[in-house]
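Data file: work09.txt. Format and content: compact mmCIF, N, CA and C atoms.
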# COMPACT_ATOMS: atom_id res chain seq x y z
N MET A 546 219.62 159.88 -25.62
CA MET A 546 218.68 158.92 -26.13
C MET A 546 219.37 158.04 -27.17
N ILE A 547 219.03 156.78 -27.16
CA ILE A 547 219.63 155.79 -28.06
C ILE A 547 218.75 155.60 -29.28
N THR A 548 219.29 155.77 -30.47
CA THR A 548 218.54 155.53 -31.69
C THR A 548 218.10 154.07 -31.72
N GLY A 549 216.81 153.85 -31.97
CA GLY A 549 216.28 152.50 -32.02
C GLY A 549 215.97 151.91 -30.65
N GLY A 550 216.19 152.71 -29.60
CA GLY A 550 215.92 152.24 -28.24
C GLY A 550 214.44 152.26 -27.94
N PRO A 551 214.06 151.65 -26.82
CA PRO A 551 212.66 151.65 -26.42
C PRO A 551 212.15 153.07 -26.22
N ARG A 552 210.88 153.29 -26.56
CA ARG A 552 210.29 154.61 -26.35
C ARG A 552 210.11 154.83 -24.85
N PRO A 553 210.65 155.92 -24.32
CA PRO A 553 210.49 156.20 -22.89
C PRO A 553 209.02 156.38 -22.52
N VAL A 554 208.67 155.98 -21.32
CA VAL A 554 207.31 156.14 -20.84
C VAL A 554 207.16 157.41 -19.99
N ALA A 555 208.25 158.16 -19.84
CA ALA A 555 208.27 159.40 -19.07
C ALA A 555 209.43 160.26 -19.59
N PRO A 556 209.57 161.49 -19.11
CA PRO A 556 210.64 162.37 -19.60
C PRO A 556 211.99 162.05 -18.96
N PHE A 557 212.77 161.20 -19.61
CA PHE A 557 214.10 160.86 -19.12
C PHE A 557 214.97 160.38 -20.27
N SER A 558 216.26 160.25 -20.01
CA SER A 558 217.22 159.73 -20.98
C SER A 558 217.33 158.23 -20.83
N HIS A 559 217.69 157.54 -21.91
CA HIS A 559 217.95 156.11 -21.81
C HIS A 559 219.12 155.84 -20.88
N ALA A 560 220.17 156.66 -21.00
CA ALA A 560 221.37 156.46 -20.20
C ALA A 560 222.09 157.79 -20.02
N VAL A 561 222.83 157.88 -18.92
CA VAL A 561 223.66 159.04 -18.64
C VAL A 561 225.03 158.51 -18.23
N GLU A 562 226.08 159.13 -18.75
CA GLU A 562 227.44 158.69 -18.41
C GLU A 562 228.21 159.80 -17.74
N VAL A 563 228.89 159.43 -16.64
CA VAL A 563 229.74 160.36 -15.91
C VAL A 563 231.00 159.60 -15.51
N ASP A 564 232.16 160.07 -15.97
CA ASP A 564 233.45 159.49 -15.58
C ASP A 564 233.51 157.97 -15.78
N GLY A 565 232.95 157.47 -16.87
CA GLY A 565 233.01 156.04 -17.18
C GLY A 565 231.90 155.22 -16.55
N TRP A 566 231.12 155.82 -15.67
CA TRP A 566 229.96 155.14 -15.08
C TRP A 566 228.75 155.44 -15.94
N VAL A 567 228.04 154.40 -16.35
CA VAL A 567 226.87 154.56 -17.20
C VAL A 567 225.65 154.09 -16.42
N ILE A 568 224.72 155.02 -16.20
CA ILE A 568 223.51 154.73 -15.43
C ILE A 568 222.35 154.64 -16.41
N LEU A 569 221.71 153.47 -16.46
CA LEU A 569 220.58 153.26 -17.35
C LEU A 569 219.28 153.42 -16.60
N THR A 570 218.36 154.13 -17.22
CA THR A 570 217.02 154.27 -16.69
C THR A 570 216.34 152.91 -16.70
N GLY A 571 215.44 152.70 -15.77
CA GLY A 571 214.69 151.45 -15.73
C GLY A 571 213.99 151.20 -17.05
N GLN A 572 214.12 149.99 -17.55
CA GLN A 572 213.50 149.62 -18.81
C GLN A 572 212.24 148.80 -18.56
N MET A 573 211.29 149.02 -19.43
CA MET A 573 210.00 148.34 -19.36
C MET A 573 209.97 147.23 -20.43
N PRO A 574 209.00 146.33 -20.35
CA PRO A 574 208.92 145.23 -21.33
C PRO A 574 208.17 145.62 -22.60
N THR A 575 208.43 146.83 -23.09
CA THR A 575 207.84 147.27 -24.35
C THR A 575 208.75 146.88 -25.50
N ASP A 576 208.18 146.74 -26.67
CA ASP A 576 208.92 146.37 -27.86
C ASP A 576 209.37 147.64 -28.58
N PRO A 577 210.68 147.87 -28.73
CA PRO A 577 211.15 149.08 -29.41
C PRO A 577 210.61 149.20 -30.84
N ALA A 578 210.38 148.07 -31.50
CA ALA A 578 209.89 148.09 -32.88
C ALA A 578 208.38 148.32 -32.95
N ALA A 579 207.68 148.09 -31.85
CA ALA A 579 206.22 148.26 -31.81
C ALA A 579 205.82 148.75 -30.42
N PRO A 580 206.14 150.01 -30.09
CA PRO A 580 205.96 150.49 -28.72
C PRO A 580 204.52 150.48 -28.21
N ASP A 581 203.56 150.45 -29.10
CA ASP A 581 202.16 150.44 -28.67
C ASP A 581 201.57 149.04 -28.61
N ALA A 582 202.36 148.03 -28.94
CA ALA A 582 201.89 146.64 -28.89
C ALA A 582 201.64 146.23 -27.44
N PRO A 583 200.75 145.27 -27.23
CA PRO A 583 200.54 144.77 -25.87
C PRO A 583 201.85 144.22 -25.29
N LEU A 584 201.97 144.28 -23.97
CA LEU A 584 203.16 143.73 -23.31
C LEU A 584 203.15 142.22 -23.43
N PRO A 585 204.33 141.60 -23.40
CA PRO A 585 204.38 140.13 -23.40
C PRO A 585 203.63 139.57 -22.20
N GLU A 586 203.10 138.37 -22.35
CA GLU A 586 202.37 137.70 -21.27
C GLU A 586 203.33 137.06 -20.29
N GLY A 587 203.16 137.33 -19.01
CA GLY A 587 203.91 136.64 -17.96
C GLY A 587 205.25 137.28 -17.64
N VAL A 588 205.72 136.99 -16.43
CA VAL A 588 206.95 137.61 -15.95
C VAL A 588 208.17 137.10 -16.71
N GLU A 589 208.17 135.86 -17.16
CA GLU A 589 209.34 135.35 -17.90
C GLU A 589 209.51 136.11 -19.20
N ALA A 590 208.44 136.24 -19.98
CA ALA A 590 208.52 136.95 -21.27
C ALA A 590 208.82 138.42 -21.05
N GLN A 591 208.24 139.01 -20.02
CA GLN A 591 208.52 140.42 -19.75
C GLN A 591 209.97 140.62 -19.29
N THR A 592 210.49 139.69 -18.50
CA THR A 592 211.89 139.79 -18.07
C THR A 592 212.82 139.70 -19.28
N ARG A 593 212.56 138.77 -20.19
CA ARG A 593 213.39 138.67 -21.40
C ARG A 593 213.36 139.97 -22.20
N ARG A 594 212.17 140.55 -22.37
CA ARG A 594 212.05 141.79 -23.14
C ARG A 594 212.80 142.93 -22.45
N VAL A 595 212.67 143.03 -21.13
CA VAL A 595 213.38 144.08 -20.38
C VAL A 595 214.89 143.91 -20.54
N MET A 596 215.37 142.69 -20.40
CA MET A 596 216.82 142.46 -20.54
C MET A 596 217.30 142.79 -21.95
N GLU A 597 216.50 142.45 -22.95
CA GLU A 597 216.86 142.79 -24.33
C GLU A 597 216.85 144.31 -24.52
N ASN A 598 215.91 145.00 -23.90
CA ASN A 598 215.88 146.46 -23.99
C ASN A 598 217.10 147.07 -23.32
N LEU A 599 217.51 146.51 -22.19
CA LEU A 599 218.74 146.98 -21.55
C LEU A 599 219.94 146.77 -22.48
N ARG A 600 219.98 145.64 -23.15
CA ARG A 600 221.06 145.38 -24.11
C ARG A 600 221.07 146.41 -25.23
N VAL A 601 219.89 146.76 -25.74
CA VAL A 601 219.80 147.76 -26.81
C VAL A 601 220.42 149.08 -26.34
N VAL A 602 220.06 149.50 -25.15
CA VAL A 602 220.59 150.76 -24.63
C VAL A 602 222.09 150.64 -24.38
N LEU A 603 222.53 149.55 -23.76
CA LEU A 603 223.96 149.37 -23.51
C LEU A 603 224.76 149.36 -24.82
N ARG A 604 224.27 148.65 -25.82
CA ARG A 604 224.97 148.62 -27.11
C ARG A 604 225.00 149.99 -27.75
N GLY A 605 223.96 150.77 -27.50
CA GLY A 605 223.91 152.14 -28.03
C GLY A 605 225.01 153.03 -27.47
N VAL A 606 225.54 152.68 -26.32
CA VAL A 606 226.66 153.44 -25.73
C VAL A 606 227.96 152.64 -25.79
N GLY A 607 227.97 151.56 -26.59
CA GLY A 607 229.19 150.79 -26.79
C GLY A 607 229.51 149.78 -25.70
N LEU A 608 228.52 149.36 -24.93
CA LEU A 608 228.73 148.39 -23.86
C LEU A 608 227.78 147.21 -24.03
N ASP A 609 227.84 146.25 -23.10
CA ASP A 609 226.93 145.11 -23.09
C ASP A 609 226.70 144.71 -21.64
N LEU A 610 225.92 143.67 -21.44
CA LEU A 610 225.59 143.22 -20.08
C LEU A 610 226.83 142.85 -19.28
N GLU A 611 227.90 142.44 -19.92
CA GLU A 611 229.12 142.08 -19.20
C GLU A 611 229.74 143.28 -18.47
N HIS A 612 229.36 144.48 -18.84
CA HIS A 612 229.88 145.69 -18.21
C HIS A 612 229.03 146.16 -17.03
N VAL A 613 227.90 145.51 -16.81
CA VAL A 613 226.99 145.90 -15.73
C VAL A 613 227.57 145.46 -14.39
N VAL A 614 227.57 146.37 -13.43
CA VAL A 614 228.09 146.05 -12.10
C VAL A 614 226.97 145.96 -11.06
N GLN A 615 225.84 146.60 -11.35
CA GLN A 615 224.73 146.57 -10.39
C GLN A 615 223.41 146.70 -11.12
N MET A 616 222.41 145.95 -10.67
CA MET A 616 221.05 146.02 -11.23
C MET A 616 220.05 146.14 -10.10
N ARG A 617 218.95 146.81 -10.40
CA ARG A 617 217.81 146.87 -9.49
C ARG A 617 216.60 146.43 -10.28
N ALA A 618 215.88 145.45 -9.72
CA ALA A 618 214.68 144.93 -10.37
C ALA A 618 213.48 145.23 -9.49
N TYR A 619 212.38 145.53 -10.14
CA TYR A 619 211.14 145.84 -9.46
C TYR A 619 210.06 144.89 -9.98
N LEU A 620 209.39 144.20 -9.07
CA LEU A 620 208.36 143.22 -9.42
C LEU A 620 207.04 143.63 -8.77
N THR A 621 205.96 143.60 -9.54
CA THR A 621 204.65 143.95 -8.97
C THR A 621 204.03 142.77 -8.23
N GLU A 622 204.42 141.56 -8.55
CA GLU A 622 203.90 140.35 -7.89
C GLU A 622 205.09 139.57 -7.34
N PHE A 623 205.74 140.15 -6.34
CA PHE A 623 207.02 139.64 -5.86
C PHE A 623 206.95 138.17 -5.46
N GLU A 624 206.07 137.81 -4.57
CA GLU A 624 206.02 136.42 -4.08
C GLU A 624 205.69 135.45 -5.20
N ARG A 625 204.76 135.80 -6.05
CA ARG A 625 204.36 134.92 -7.15
C ARG A 625 205.46 134.78 -8.20
N ASP A 626 206.14 135.88 -8.54
CA ASP A 626 207.01 135.91 -9.71
C ASP A 626 208.51 135.83 -9.43
N TYR A 627 208.93 135.90 -8.18
CA TYR A 627 210.36 135.98 -7.87
C TYR A 627 211.15 134.80 -8.44
N ALA A 628 210.70 133.59 -8.23
CA ALA A 628 211.43 132.41 -8.71
C ALA A 628 211.50 132.38 -10.23
N ALA A 629 210.39 132.65 -10.90
CA ALA A 629 210.37 132.64 -12.37
C ALA A 629 211.23 133.77 -12.92
N PHE A 630 211.19 134.92 -12.27
CA PHE A 630 212.05 136.03 -12.67
C PHE A 630 213.52 135.63 -12.59
N ASN A 631 213.92 135.05 -11.46
CA ASN A 631 215.31 134.63 -11.28
C ASN A 631 215.74 133.62 -12.33
N GLU A 632 214.88 132.67 -12.62
CA GLU A 632 215.20 131.63 -13.61
C GLU A 632 215.50 132.26 -14.97
N THR A 633 214.69 133.21 -15.36
CA THR A 633 214.88 133.88 -16.65
C THR A 633 216.09 134.81 -16.61
N TYR A 634 216.18 135.62 -15.58
CA TYR A 634 217.24 136.62 -15.43
C TYR A 634 218.63 135.99 -15.48
N GLN A 635 218.82 134.88 -14.76
CA GLN A 635 220.16 134.29 -14.66
C GLN A 635 220.71 133.83 -16.00
N GLY A 636 219.84 133.55 -16.95
CA GLY A 636 220.29 133.12 -18.27
C GLY A 636 221.01 134.20 -19.07
N PHE A 637 220.97 135.42 -18.62
CA PHE A 637 221.62 136.51 -19.34
C PHE A 637 223.06 136.75 -18.88
N PHE A 638 223.52 135.99 -17.88
CA PHE A 638 224.85 136.20 -17.33
C PHE A 638 225.57 134.88 -17.15
N ALA A 639 226.88 134.91 -17.32
CA ALA A 639 227.71 133.75 -16.97
C ALA A 639 227.63 133.57 -15.46
N PRO A 640 227.59 132.33 -14.98
CA PRO A 640 227.47 132.10 -13.54
C PRO A 640 228.55 132.78 -12.70
N ASP A 641 229.73 132.97 -13.28
CA ASP A 641 230.81 133.60 -12.52
C ASP A 641 230.90 135.11 -12.78
N ARG A 642 229.92 135.67 -13.48
CA ARG A 642 229.96 137.11 -13.80
C ARG A 642 228.56 137.74 -13.70
N ARG A 643 227.95 137.57 -12.55
CA ARG A 643 226.65 138.18 -12.32
C ARG A 643 226.85 139.48 -11.55
N PRO A 644 226.13 140.54 -11.95
CA PRO A 644 226.27 141.80 -11.22
C PRO A 644 225.59 141.74 -9.86
N ALA A 645 225.94 142.66 -8.99
CA ALA A 645 225.20 142.82 -7.74
C ALA A 645 223.77 143.19 -8.11
N ARG A 646 222.81 142.80 -7.26
CA ARG A 646 221.42 143.06 -7.61
C ARG A 646 220.56 143.24 -6.36
N THR A 647 219.60 144.13 -6.47
CA THR A 647 218.55 144.29 -5.49
C THR A 647 217.23 144.06 -6.21
N THR A 648 216.31 143.33 -5.58
CA THR A 648 214.98 143.12 -6.16
C THR A 648 213.95 143.59 -5.14
N VAL A 649 213.03 144.42 -5.60
CA VAL A 649 212.07 145.05 -4.72
C VAL A 649 210.66 144.76 -5.23
N GLY A 650 209.77 144.45 -4.30
CA GLY A 650 208.36 144.32 -4.63
C GLY A 650 207.71 145.70 -4.58
N VAL A 651 206.94 146.02 -5.61
CA VAL A 651 206.27 147.32 -5.69
C VAL A 651 204.79 147.11 -5.96
N THR A 652 204.00 148.14 -5.72
CA THR A 652 202.56 148.01 -5.91
C THR A 652 202.13 148.15 -7.37
N ALA A 653 202.89 148.88 -8.16
CA ALA A 653 202.54 149.07 -9.57
C ALA A 653 203.75 149.60 -10.33
N LEU A 654 203.74 149.38 -11.65
CA LEU A 654 204.76 149.92 -12.55
C LEU A 654 204.06 150.58 -13.74
N ALA A 655 204.77 151.47 -14.42
CA ALA A 655 204.23 152.13 -15.60
C ALA A 655 203.80 151.08 -16.63
N VAL A 656 202.88 151.45 -17.45
CA VAL A 656 202.30 150.66 -18.55
C VAL A 656 201.77 149.28 -18.11
N GLY A 657 201.52 149.11 -16.82
CA GLY A 657 200.98 147.84 -16.34
C GLY A 657 201.97 146.70 -16.34
N ALA A 658 203.26 147.02 -16.36
CA ALA A 658 204.31 145.99 -16.42
C ALA A 658 204.39 145.19 -15.12
N LEU A 659 204.88 143.97 -15.25
CA LEU A 659 205.16 143.11 -14.10
C LEU A 659 206.58 143.29 -13.59
N VAL A 660 207.48 143.79 -14.46
CA VAL A 660 208.89 143.91 -14.11
C VAL A 660 209.50 145.14 -14.78
N GLU A 661 210.41 145.78 -14.06
CA GLU A 661 211.23 146.88 -14.57
C GLU A 661 212.62 146.67 -13.99
N ILE A 662 213.64 146.96 -14.78
CA ILE A 662 215.02 146.80 -14.31
C ILE A 662 215.83 148.02 -14.74
N ASP A 663 216.61 148.56 -13.81
CA ASP A 663 217.59 149.58 -14.15
C ASP A 663 218.97 149.04 -13.81
N CYS A 664 220.02 149.73 -14.25
CA CYS A 664 221.36 149.21 -13.95
C CYS A 664 222.41 150.29 -14.04
N ILE A 665 223.57 149.95 -13.51
CA ILE A 665 224.77 150.77 -13.59
C ILE A 665 225.86 149.92 -14.23
N ALA A 666 226.49 150.47 -15.25
CA ALA A 666 227.59 149.79 -15.93
C ALA A 666 228.85 150.64 -15.80
N ARG A 667 229.97 150.02 -16.01
CA ARG A 667 231.26 150.72 -15.94
C ARG A 667 231.99 150.50 -17.25
N ARG A 668 232.37 151.60 -17.89
CA ARG A 668 233.14 151.50 -19.12
C ARG A 668 234.58 151.13 -18.77
N PRO A 669 235.15 150.13 -19.44
CA PRO A 669 236.54 149.76 -19.16
C PRO A 669 237.47 150.95 -19.42
N GLU A 670 238.48 151.09 -18.59
CA GLU A 670 239.43 152.19 -18.76
C GLU A 670 240.06 152.11 -20.13
N GLY A 671 240.13 153.26 -20.77
CA GLY A 671 240.74 153.35 -22.09
C GLY A 671 239.77 153.06 -23.21
N ALA A 672 238.57 152.55 -22.91
CA ALA A 672 237.58 152.27 -23.95
C ALA A 672 236.92 153.57 -24.38
N ASP A 673 236.67 153.69 -25.67
CA ASP A 673 236.02 154.89 -26.20
C ASP A 673 234.51 154.80 -26.03
N ARG A 674 233.90 155.96 -25.93
CA ARG A 674 232.45 156.04 -25.95
C ARG A 674 231.96 155.71 -27.35
N ALA A 675 230.75 155.20 -27.43
CA ALA A 675 230.15 154.89 -28.75
C ALA A 675 229.83 156.16 -29.50

Same coordinates, now as structure tokens:
Amino acid sequence: MITGGPRPVAPFSHAVEVDGWVILTGQMPTDPAAPDAPLPEGVEAQTRRVMENLRVVLRGVGLDLEHVVQMRAYLTEFERDYAAFNETYQGFFAPDRRPARTTVGVTALAVGALVEIDCIARRPEGADRA
């Protein structure tokens, strides 16, 4: 568990590392500083919050979004929100350094969220753990 990280909505770890591979649990659009606050309105605001939560967890293990090699995104309103999600999501990566990604439409997510994202990052060889 990462100090200052988002409060989990179920019994799991923020991240698990094995042989330099760091697997992050799907993050929700909750505010780590106010976990009981209402979720942000709309998929754009929720996507930003989820990406910031992923950053919090990655920084907690000494990494950042540049170390992510694969992401999976889950949208409850896929057809409605896919374009807006992509527009917001792409702003977190350099155009020449975007991770592989799968996006899936789902019927529901925990806490009534519109979006959840998990990811896999790779620690550079020789880099120390946080």

Next on the checklist: One decimal, in Å: what's the spacing between atom CA of Leu620 of chain A and atom C of Ile547 of chain A?
Outcome noted: 25.6 Å

Report as JSON the centre and the edge lengths, in Å to one decimal, of the axis-aligned box holding every listed atom of segment 602-612 of chain A, padded by 4 Å on each side.
{"center_x": 225.0, "center_y": 147.8, "center_z": -22.5, "size_x": 17.8, "size_y": 19.4, "size_z": 19.0}

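Contact shell of Ala666 of chain A at 6 Å (all atoms listed in the file; same-chain neighbours under 3 positions omitted): Gly565, Trp566, Val567, Ile568, Leu569, His612, Val613, Val614 and Gln615 of chain A.
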
Output N, CA and C atoms for every residue in that selection, as a PDB file, in the coordinates of the input.
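As written to disk, result.pdb reads:
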ATOM      1  N   GLY A 565     232.950 157.470 -16.870  1.00  0.00           N
ATOM      2  CA  GLY A 565     233.010 156.040 -17.180  1.00  0.00           C
ATOM      3  C   GLY A 565     231.900 155.220 -16.550  1.00  0.00           C
ATOM      4  N   TRP A 566     231.120 155.820 -15.670  1.00  0.00           N
ATOM      5  CA  TRP A 566     229.960 155.140 -15.080  1.00  0.00           C
ATOM      6  C   TRP A 566     228.750 155.440 -15.940  1.00  0.00           C
ATOM      7  N   VAL A 567     228.040 154.400 -16.350  1.00  0.00           N
ATOM      8  CA  VAL A 567     226.870 154.560 -17.200  1.00  0.00           C
ATOM      9  C   VAL A 567     225.650 154.090 -16.420  1.00  0.00           C
ATOM     10  N   ILE A 568     224.720 155.020 -16.200  1.00  0.00           N
ATOM     11  CA  ILE A 568     223.510 154.730 -15.430  1.00  0.00           C
ATOM     12  C   ILE A 568     222.350 154.640 -16.410  1.00  0.00           C
ATOM     13  N   LEU A 569     221.710 153.470 -16.460  1.00  0.00           N
ATOM     14  CA  LEU A 569     220.580 153.260 -17.350  1.00  0.00           C
ATOM     15  C   LEU A 569     219.280 153.420 -16.600  1.00  0.00           C
ATOM     16  N   HIS A 612     229.360 144.480 -18.840  1.00  0.00           N
ATOM     17  CA  HIS A 612     229.880 145.690 -18.210  1.00  0.00           C
ATOM     18  C   HIS A 612     229.030 146.160 -17.030  1.00  0.00           C
ATOM     19  N   VAL A 613     227.900 145.510 -16.810  1.00  0.00           N
ATOM     20  CA  VAL A 613     226.990 145.900 -15.730  1.00  0.00           C
ATOM     21  C   VAL A 613     227.570 145.460 -14.390  1.00  0.00           C
ATOM     22  N   VAL A 614     227.570 146.370 -13.430  1.00  0.00           N
ATOM     23  CA  VAL A 614     228.090 146.050 -12.100  1.00  0.00           C
ATOM     24  C   VAL A 614     226.970 145.960 -11.060  1.00  0.00           C
ATOM     25  N   GLN A 615     225.840 146.600 -11.350  1.00  0.00           N
ATOM     26  CA  GLN A 615     224.730 146.570 -10.390  1.00  0.00           C
ATOM     27  C   GLN A 615     223.410 146.700 -11.120  1.00  0.00           C
TER      28      GLN A 615
END

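Using all atoms listed in the file, the nearest neighbour of Ala639 of chain A within the list A:Glu611, A:Tyr627, A:Val588, A:Ala618 is A:Glu611.
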
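Within 8 Å of Thr570 of chain A, once all atoms listed in the file are used and residues closer than 2 positions along the same chain are dropped, the contacting residues are A:Phe557, A:Ser558, A:His559, A:Ala560, A:Val561, A:Val567, A:Ile568, A:Gln572, A:Met573, A:Glu661, A:Ile662, A:Asp663, A:Cys664, A:Ile665.
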
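Take atom CA of Pro553 of chain A and atom C of Gly571 of chain A: the distance between them is 8.4 Å.
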
Item to check | Residue list (helix (DSSP H, G or I), DSSP) for segment 580-668 of chain A, as an NGL selection string | outcome: :A and (587-605 or 610-612 or 623-635 or 655-657)

Item to check | Close residues, Ala629 of chain A itself excluded, 9 Å, only C-alpha atoms, min 4 positions apart in chain, as a ChimeraX atom specification | outcome: /A:588-589,625,633-634

Next on the checklist: I'd like the interatomic distance between atom CA of Leu654 of chain A and atom CA of Phe630 of chain A, to a tenth of an Å.
Outcome noted: 15.7 Å

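Among the candidates A:Pro640, A:Glu670, A:Thr621, A:Ala579, the one nearest to Thr652 of chain A when counting all atoms listed in the file is A:Thr621.
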
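Proximity ranking of A:Asn631, A:Gln591, A:Thr647, A:Asn598 relative to Leu659 of chain A places A:Gln591 first, based on only C-alpha atoms.
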
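In terms of minimum interatomic distance to Val602 of chain A, A:Pro577 ranks closest within A:Pro577, A:Gly636, A:Pro644, A:Gly650, counting only C-alpha atoms.
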
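Compared by their closest atoms to Glu597 of chain A, and using only C-alpha atoms, the residues A:Pro583, A:Glu632, A:Asp564, A:Phe637 rank with A:Phe637 nearest.
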
Next on the checklist: I need the residues in chain A that are strand (DSSP E) according to DSSP; give them as a ChimeraX atom specification.
Outcome noted: /A:560-563,566-572,613-620,645-650,660-667

Next on the checklist: Counting only N, CA and C atoms, which residue out of A:Val649, A:Pro574, A:Pro669, A:Ala655 sits closest to Thr592 of chain A?
Outcome noted: A:Pro574

Can segment 622-629 of chain A be brought up to all heavy atoms and written out as a PDB file, in the frame of the given file?
ATOM      1  N   GLU A 622     204.420 141.560  -8.550  1.00  0.00           N
ATOM      2  CA  GLU A 622     203.900 140.350  -7.890  1.00  0.00           C
ATOM      3  C   GLU A 622     205.090 139.570  -7.340  1.00  0.00           C
ATOM      4  O   GLU A 622     205.414 138.474  -7.789  1.00  0.00           O
ATOM      5  CB  GLU A 622     203.098 139.492  -8.880  1.00  0.00           C
ATOM      6  CG  GLU A 622     201.892 140.187  -9.449  1.00  0.00           C
ATOM      7  CD  GLU A 622     200.784 140.373  -8.434  1.00  0.00           C
ATOM      8  OE1 GLU A 622     200.774 139.660  -7.398  1.00  0.00           O
ATOM      9  OE2 GLU A 622     199.918 141.242  -8.666  1.00  0.00           O
ATOM     10  N   PHE A 623     205.740 140.150  -6.340  1.00  0.00           N
ATOM     11  CA  PHE A 623     207.020 139.640  -5.860  1.00  0.00           C
ATOM     12  C   PHE A 623     206.950 138.170  -5.460  1.00  0.00           C
ATOM     13  O   PHE A 623     207.727 137.347  -5.972  1.00  0.00           O
ATOM     14  CB  PHE A 623     207.500 140.487  -4.675  1.00  0.00           C
ATOM     15  CG  PHE A 623     208.911 140.183  -4.280  1.00  0.00           C
ATOM     16  CD1 PHE A 623     209.964 140.870  -4.849  1.00  0.00           C
ATOM     17  CD2 PHE A 623     209.193 139.206  -3.339  1.00  0.00           C
ATOM     18  CE1 PHE A 623     211.275 140.597  -4.492  1.00  0.00           C
ATOM     19  CE2 PHE A 623     210.509 138.931  -2.972  1.00  0.00           C
ATOM     20  CZ  PHE A 623     211.539 139.623  -3.554  1.00  0.00           C
ATOM     21  N   GLU A 624     206.070 137.810  -4.570  1.00  0.00           N
ATOM     22  CA  GLU A 624     206.020 136.420  -4.080  1.00  0.00           C
ATOM     23  C   GLU A 624     205.690 135.450  -5.200  1.00  0.00           C
ATOM     24  O   GLU A 624     206.277 134.379  -5.302  1.00  0.00           O
ATOM     25  CB  GLU A 624     205.030 136.296  -2.930  1.00  0.00           C
ATOM     26  CG  GLU A 624     205.564 136.952  -1.661  1.00  0.00           C
ATOM     27  CD  GLU A 624     204.654 136.716  -0.465  1.00  0.00           C
ATOM     28  OE1 GLU A 624     203.919 135.714  -0.457  1.00  0.00           O
ATOM     29  OE2 GLU A 624     204.700 137.540   0.459  1.00  0.00           O
ATOM     30  N   ARG A 625     204.760 135.800  -6.050  1.00  0.00           N
ATOM     31  CA  ARG A 625     204.360 134.920  -7.150  1.00  0.00           C
ATOM     32  C   ARG A 625     205.460 134.780  -8.200  1.00  0.00           C
ATOM     33  O   ARG A 625     205.700 133.688  -8.724  1.00  0.00           O
ATOM     34  CB  ARG A 625     203.091 135.470  -7.811  1.00  0.00           C
ATOM     35  CG  ARG A 625     202.589 134.592  -8.962  1.00  0.00           C
ATOM     36  CD  ARG A 625     201.516 135.266  -9.768  1.00  0.00           C
ATOM     37  NE  ARG A 625     202.116 136.296 -10.634  1.00  0.00           N
ATOM     38  CZ  ARG A 625     201.424 137.179 -11.316  1.00  0.00           C
ATOM     39  NH1 ARG A 625     200.101 137.210 -11.211  1.00  0.00           N
ATOM     40  NH2 ARG A 625     202.026 138.064 -12.084  1.00  0.00           N
ATOM     41  N   ASP A 626     206.140 135.880  -8.540  1.00  0.00           N
ATOM     42  CA  ASP A 626     207.010 135.910  -9.710  1.00  0.00           C
ATOM     43  C   ASP A 626     208.510 135.830  -9.430  1.00  0.00           C
ATOM     44  O   ASP A 626     209.296 135.696 -10.366  1.00  0.00           O
ATOM     45  CB  ASP A 626     206.745 137.185 -10.525  1.00  0.00           C
ATOM     46  CG  ASP A 626     205.387 137.172 -11.202  1.00  0.00           C
ATOM     47  OD1 ASP A 626     204.794 136.085 -11.334  1.00  0.00           O
ATOM     48  OD2 ASP A 626     204.923 138.262 -11.598  1.00  0.00           O
ATOM     49  N   TYR A 627     208.930 135.900  -8.180  1.00  0.00           N
ATOM     50  CA  TYR A 627     210.360 135.980  -7.870  1.00  0.00           C
ATOM     51  C   TYR A 627     211.150 134.800  -8.440  1.00  0.00           C
ATOM     52  O   TYR A 627     212.191 134.991  -9.072  1.00  0.00           O
ATOM     53  CB  TYR A 627     210.556 136.118  -6.361  1.00  0.00           C
ATOM     54  CG  TYR A 627     211.987 136.372  -5.947  1.00  0.00           C
ATOM     55  CD1 TYR A 627     212.620 137.559  -6.273  1.00  0.00           C
ATOM     56  CD2 TYR A 627     212.698 135.431  -5.213  1.00  0.00           C
ATOM     57  CE1 TYR A 627     213.930 137.808  -5.881  1.00  0.00           C
ATOM     58  CE2 TYR A 627     214.008 135.669  -4.820  1.00  0.00           C
ATOM     59  CZ  TYR A 627     214.610 136.860  -5.153  1.00  0.00           C
ATOM     60  OH  TYR A 627     215.896 137.094  -4.772  1.00  0.00           O
ATOM     61  N   ALA A 628     210.700 133.590  -8.230  1.00  0.00           N
ATOM     62  CA  ALA A 628     211.430 132.410  -8.710  1.00  0.00           C
ATOM     63  C   ALA A 628     211.500 132.380 -10.230  1.00  0.00           C
ATOM     64  O   ALA A 628     212.567 132.145 -10.821  1.00  0.00           O
ATOM     65  CB  ALA A 628     210.805 131.124  -8.168  1.00  0.00           C
ATOM     66  N   ALA A 629     210.390 132.650 -10.900  1.00  0.00           N
ATOM     67  CA  ALA A 629     210.370 132.640 -12.370  1.00  0.00           C
ATOM     68  C   ALA A 629     211.230 133.770 -12.920  1.00  0.00           C
ATOM     69  O   ALA A 629     211.941 133.603 -13.925  1.00  0.00           O
ATOM     70  CB  ALA A 629     208.934 132.762 -12.872  1.00  0.00           C
TER      71      ALA A 629
END
